[in-house]
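Written out below as structure tokens is the structure these notes cover.
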Amino acid sequence: MIMKNEITITVTDQSGIQHILLCPLEMGLTLKDICKAYELPMEAMCGGMAMCATCHCFVLNETIPLPEKNDIEEALLSELFNSDITSRLACQIHLTANMDGLAVKIAAD
């Protein structure tokens, strides 16, 4: 089996524009990190510390296995007026090979 060293994810921004991102896996990046690297409009004010929820996004394809939400992420998402069952904090999703094909939409402010 060939180990992938990058995956492709699709991120839809707040304007509805889709961005195809090539994501290296060997750097230990999160979804937030790769969105910032591609200069997408994701605020992420706390820098990925799970303290602000400004990297809120919606997972569009629920067949991709993601890590479970921890208590802190659940609490932050519960305080948002626009969160739903597909809501995640991008800073809490560490990219792995089995996330190839992931599609998310950045939440509106």
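Residues are named by chain letter and number: chains run A, B, ... in the order of the structure tokens, numbers start at 1 in each chain, and ligands are numbered from 1 in the order shown.
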Could you name the residues that touch region 48-62 of chain A at 6 Å or less, counting only C-alpha atoms, but leaving out those on the same chain fewer than 2 positions away, as a PyMOL selection string? chain A and resi 42-44+46+64+86-91+103-107
The residue from A:Leu80, A:Ile93, A:Leu66, A:Met27 with the smallest atom-to-atom distance to Asn5 (chain A), counting only C-alpha atoms, is A:Met27
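The smallest atom-to-atom distance between Tyr38 (chain A) and any of A:Leu95, A:Glu26, A:Asn70, A:Ile20, using only C-alpha atoms, is found for A:Ile20.
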Find the residues around Ser15 (chain A) up to 9 Å (only C-alpha atoms counted), leave out those fewer than 3 positions away in its own chain, and share them as a PyMOL selection string. chain A and resi 12+18+108
Dump as a PDB file, in the first residue's frame, selection limited to N, CA, C and O atoms:
ATOM      1  N   THR A  12     -15.353  25.590   0.687  1.00  0.00           N
ATOM      2  CA  THR A  12     -16.229  26.610   0.120  1.00  0.00           C
ATOM      3  C   THR A  12     -16.189  27.809   1.055  1.00  0.00           C
ATOM      4  O   THR A  12     -16.413  27.664   2.260  1.00  0.00           O
ATOM      5  N   GLN A  18     -15.671  27.710  -4.387  1.00  0.00           N
ATOM      6  CA  GLN A  18     -14.987  26.485  -3.966  1.00  0.00           C
ATOM      7  C   GLN A  18     -13.490  26.597  -4.240  1.00  0.00           C
ATOM      8  O   GLN A  18     -13.081  27.050  -5.306  1.00  0.00           O
ATOM      9  N   ALA A 108     -20.373  31.628   7.938  1.00  0.00           N
ATOM     10  CA  ALA A 108     -20.440  33.087   7.876  1.00  0.00           C
ATOM     11  C   ALA A 108     -20.197  33.660   9.272  1.00  0.00           C
ATOM     12  O   ALA A 108     -20.498  33.013  10.266  1.00  0.00           O
TER      13      ALA A 108
END
Chain A: which residues are helix (DSSP H, G or I) by DSSP, as a VMD selection string? chain A and resid 31 to 37 71 to 78 90 to 92 97 to 99
Selection to disk with N, CA, C and O atoms, as an mmCIF file, in the first residue's frame:
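The resulting again_22.cif:
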data_model
loop_
_atom_site.group_PDB
_atom_site.id
_atom_site.type_symbol
_atom_site.label_atom_id
_atom_site.label_comp_id
_atom_site.auth_asym_id
_atom_site.auth_seq_id
_atom_site.Cartn_x
_atom_site.Cartn_y
_atom_site.Cartn_z
ATOM 1 N N LEU A 31 -6.984 21.648 9.718
ATOM 2 C CA LEU A 31 -7.795 22.263 8.674
ATOM 3 C C LEU A 31 -7.670 23.785 8.727
ATOM 4 O O LEU A 31 -7.572 24.451 7.697
ATOM 5 N N LYS A 32 -7.628 24.347 9.929
ATOM 6 C CA LYS A 32 -7.428 25.792 10.089
ATOM 7 C C LYS A 32 -6.110 26.226 9.483
ATOM 8 O O LYS A 32 -6.032 27.216 8.756
ATOM 9 N N ASP A 33 -5.031 25.478 9.767
ATOM 10 C CA ASP A 33 -3.705 25.833 9.255
ATOM 11 C C ASP A 33 -3.691 25.896 7.734
ATOM 12 O O ASP A 33 -3.125 26.831 7.150
ATOM 13 N N ILE A 34 -4.302 24.903 7.095
ATOM 14 C CA ILE A 34 -4.256 24.863 5.635
ATOM 15 C C ILE A 34 -5.132 25.964 5.035
ATOM 16 O O ILE A 34 -4.779 26.571 4.034
ATOM 17 N N CYS A 35 -6.249 26.283 5.671
ATOM 18 C CA CYS A 35 -7.086 27.396 5.190
ATOM 19 C C CYS A 35 -6.326 28.714 5.279
ATOM 20 O O CYS A 35 -6.387 29.542 4.366
ATOM 21 N N LYS A 36 -5.596 28.909 6.376
ATOM 22 C CA LYS A 36 -4.792 30.126 6.529
ATOM 23 C C LYS A 36 -3.647 30.151 5.513
ATOM 24 O O LYS A 36 -3.336 31.196 4.942
ATOM 25 N N ALA A 37 -3.008 29.001 5.272
ATOM 26 C CA ALA A 37 -1.900 28.930 4.314
ATOM 27 C C ALA A 37 -2.362 29.322 2.908
ATOM 28 O O ALA A 37 -1.616 29.952 2.157
ATOM 29 N N ASP A 71 -14.905 18.031 24.540
ATOM 30 C CA ASP A 71 -15.842 18.833 25.337
ATOM 31 C C ASP A 71 -15.701 20.324 25.072
ATOM 32 O O ASP A 71 -16.697 21.052 25.038
ATOM 33 N N ILE A 72 -14.473 20.796 24.880
ATOM 34 C CA ILE A 72 -14.242 22.222 24.641
ATOM 35 C C ILE A 72 -14.855 22.632 23.304
ATOM 36 O O ILE A 72 -15.542 23.647 23.210
ATOM 37 N N GLU A 73 -14.611 21.826 22.263
ATOM 38 C CA GLU A 73 -15.181 22.128 20.949
ATOM 39 C C GLU A 73 -16.706 22.110 21.014
ATOM 40 O O GLU A 73 -17.368 23.016 20.495
ATOM 41 N N GLU A 74 -17.281 21.096 21.663
ATOM 42 C CA GLU A 74 -18.744 21.012 21.817
ATOM 43 C C GLU A 74 -19.296 22.271 22.496
ATOM 44 O O GLU A 74 -20.301 22.826 22.084
ATOM 45 N N ALA A 75 -18.620 22.712 23.576
ATOM 46 C CA ALA A 75 -19.079 23.877 24.328
ATOM 47 C C ALA A 75 -19.041 25.142 23.478
ATOM 48 O O ALA A 75 -20.000 25.925 23.469
ATOM 49 N N LEU A 76 -17.953 25.357 22.745
ATOM 50 C CA LEU A 76 -17.843 26.545 21.897
ATOM 51 C C LEU A 76 -18.900 26.535 20.800
ATOM 52 O O LEU A 76 -19.545 27.551 20.537
ATOM 53 N N LEU A 77 -19.089 25.385 20.153
ATOM 54 C CA LEU A 77 -20.081 25.291 19.078
ATOM 55 C C LEU A 77 -21.492 25.505 19.600
ATOM 56 O O LEU A 77 -22.331 26.094 18.918
ATOM 57 N N SER A 78 -21.758 25.076 20.839
ATOM 58 C CA SER A 78 -23.104 25.219 21.399
ATOM 59 C C SER A 78 -23.465 26.690 21.645
ATOM 60 O O SER A 78 -24.642 27.025 21.746
ATOM 61 N N ALA A 90 -12.283 24.220 12.780
ATOM 62 C CA ALA A 90 -11.216 23.772 11.876
ATOM 63 C C ALA A 90 -9.895 23.550 12.611
ATOM 64 O O ALA A 90 -9.095 22.709 12.207
ATOM 65 N N CYS A 91 -9.690 24.272 13.708
ATOM 66 C CA CYS A 91 -8.434 24.117 14.458
ATOM 67 C C CYS A 91 -8.362 22.777 15.187
ATOM 68 O O CYS A 91 -7.282 22.375 15.632
ATOM 69 N N GLN A 92 -9.474 22.077 15.304
ATOM 70 C CA GLN A 92 -9.506 20.808 16.026
ATOM 71 C C GLN A 92 -9.472 19.595 15.095
ATOM 72 O O GLN A 92 -9.550 18.454 15.545
ATOM 73 N N ALA A 97 -4.457 11.040 6.285
ATOM 74 C CA ALA A 97 -4.626 10.447 4.948
ATOM 75 C C ALA A 97 -6.064 10.014 4.683
ATOM 76 O O ALA A 97 -6.553 10.097 3.557
ATOM 77 N N ASN A 98 -6.782 9.570 5.728
ATOM 78 C CA ASN A 98 -8.149 9.095 5.491
ATOM 79 C C ASN A 98 -9.159 10.237 5.327
ATOM 80 O O ASN A 98 -10.338 9.999 5.142
ATOM 81 N N MET A 99 -8.681 11.489 5.363
ATOM 82 C CA MET A 99 -9.562 12.636 5.131
ATOM 83 C C MET A 99 -9.504 13.121 3.683
ATOM 84 O O MET A 99 -10.074 14.158 3.357
#
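By only C-alpha atoms, and with residues fewer than 2 positions from His19 (chain A) along its chain excluded, the set lying at most 9 Å from it is Ile9, Thr10, Val11, Thr12, Asp13, Ile17, Leu21 and Leu40 of chain A.
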Serialized selection, N, CA, C and O atoms, as a PDB file, in the first residue's frame:
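As a result, part_1.pdb now contains:
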ATOM      1  N   ILE A   9      -8.569  18.529  -0.311  1.00  0.00           N
ATOM      2  CA  ILE A   9      -9.844  18.875   0.323  1.00  0.00           C
ATOM      3  C   ILE A   9     -10.459  20.055  -0.423  1.00  0.00           C
ATOM      4  O   ILE A   9      -9.750  20.828  -1.070  1.00  0.00           O
ATOM      5  N   THR A  10     -11.768  20.157  -0.328  1.00  0.00           N
ATOM      6  CA  THR A  10     -12.497  21.259  -0.965  1.00  0.00           C
ATOM      7  C   THR A  10     -13.069  22.142   0.130  1.00  0.00           C
ATOM      8  O   THR A  10     -13.763  21.647   1.022  1.00  0.00           O
ATOM      9  N   VAL A  11     -12.765  23.431   0.041  1.00  0.00           N
ATOM     10  CA  VAL A  11     -13.273  24.391   1.018  1.00  0.00           C
ATOM     11  C   VAL A  11     -14.101  25.429   0.268  1.00  0.00           C
ATOM     12  O   VAL A  11     -13.616  26.058  -0.679  1.00  0.00           O
ATOM     13  N   THR A  12     -15.353  25.590   0.687  1.00  0.00           N
ATOM     14  CA  THR A  12     -16.229  26.610   0.120  1.00  0.00           C
ATOM     15  C   THR A  12     -16.189  27.809   1.055  1.00  0.00           C
ATOM     16  O   THR A  12     -16.413  27.664   2.260  1.00  0.00           O
ATOM     17  N   ASP A  13     -15.875  28.975   0.507  1.00  0.00           N
ATOM     18  CA  ASP A  13     -15.796  30.164   1.363  1.00  0.00           C
ATOM     19  C   ASP A  13     -17.178  30.786   1.548  1.00  0.00           C
ATOM     20  O   ASP A  13     -18.179  30.290   1.022  1.00  0.00           O
ATOM     21  N   ILE A  17     -17.596  30.360  -3.154  1.00  0.00           N
ATOM     22  CA  ILE A  17     -16.535  29.963  -4.077  1.00  0.00           C
ATOM     23  C   ILE A  17     -15.823  28.735  -3.526  1.00  0.00           C
ATOM     24  O   ILE A  17     -15.439  28.711  -2.361  1.00  0.00           O
ATOM     25  N   LEU A  21      -7.819  22.465  -2.232  1.00  0.00           N
ATOM     26  CA  LEU A  21      -6.555  22.634  -1.519  1.00  0.00           C
ATOM     27  C   LEU A  21      -5.766  21.338  -1.497  1.00  0.00           C
ATOM     28  O   LEU A  21      -6.297  20.289  -1.138  1.00  0.00           O
ATOM     29  N   LEU A  40      -7.461  31.765   2.827  1.00  0.00           N
ATOM     30  CA  LEU A  40      -8.917  31.769   2.751  1.00  0.00           C
ATOM     31  C   LEU A  40      -9.466  32.624   3.893  1.00  0.00           C
ATOM     32  O   LEU A  40      -8.791  32.818   4.910  1.00  0.00           O
TER      33      LEU A  40
END
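In this structure, CA of Thr63 (chain A) sits 27.8 Å away from CA of Gly47 (chain A).
Residues of region 2-104 of chain A carrying a DSSP assignment of strand (DSSP E or B), computed from the backbone, are Glu6, Ile7, Thr8, Ile9, Thr10, Val11, Thr12, Gln18, His19, Ile20, Leu21, Leu22, Cys23, Pro24, Thr30, His56, Cys57, Phe58, Val59, Ser87, Arg88, Leu89, His94, Ala103 and Val104 of chain A.
Minimum distance to Pro67 (chain A) across A:Leu25, A:Phe81, A:Asp109, A:Thr30 (counting only C-alpha atoms) occurs at A:Thr30.
Take CA of His94 (chain A) and CA of Pro41 (chain A): the distance between them is 19.1 Å.
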CA of Gln14 (chain A) to CA of Pro65 (chain A), distance in Å rounded to a single decimal: 23.9 Å
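Counting only C-alpha atoms, the residue from A:Met45, A:Lys69, A:Asp100, A:Ser83 that sits nearest to Lys4 (chain A) is A:Asp100.
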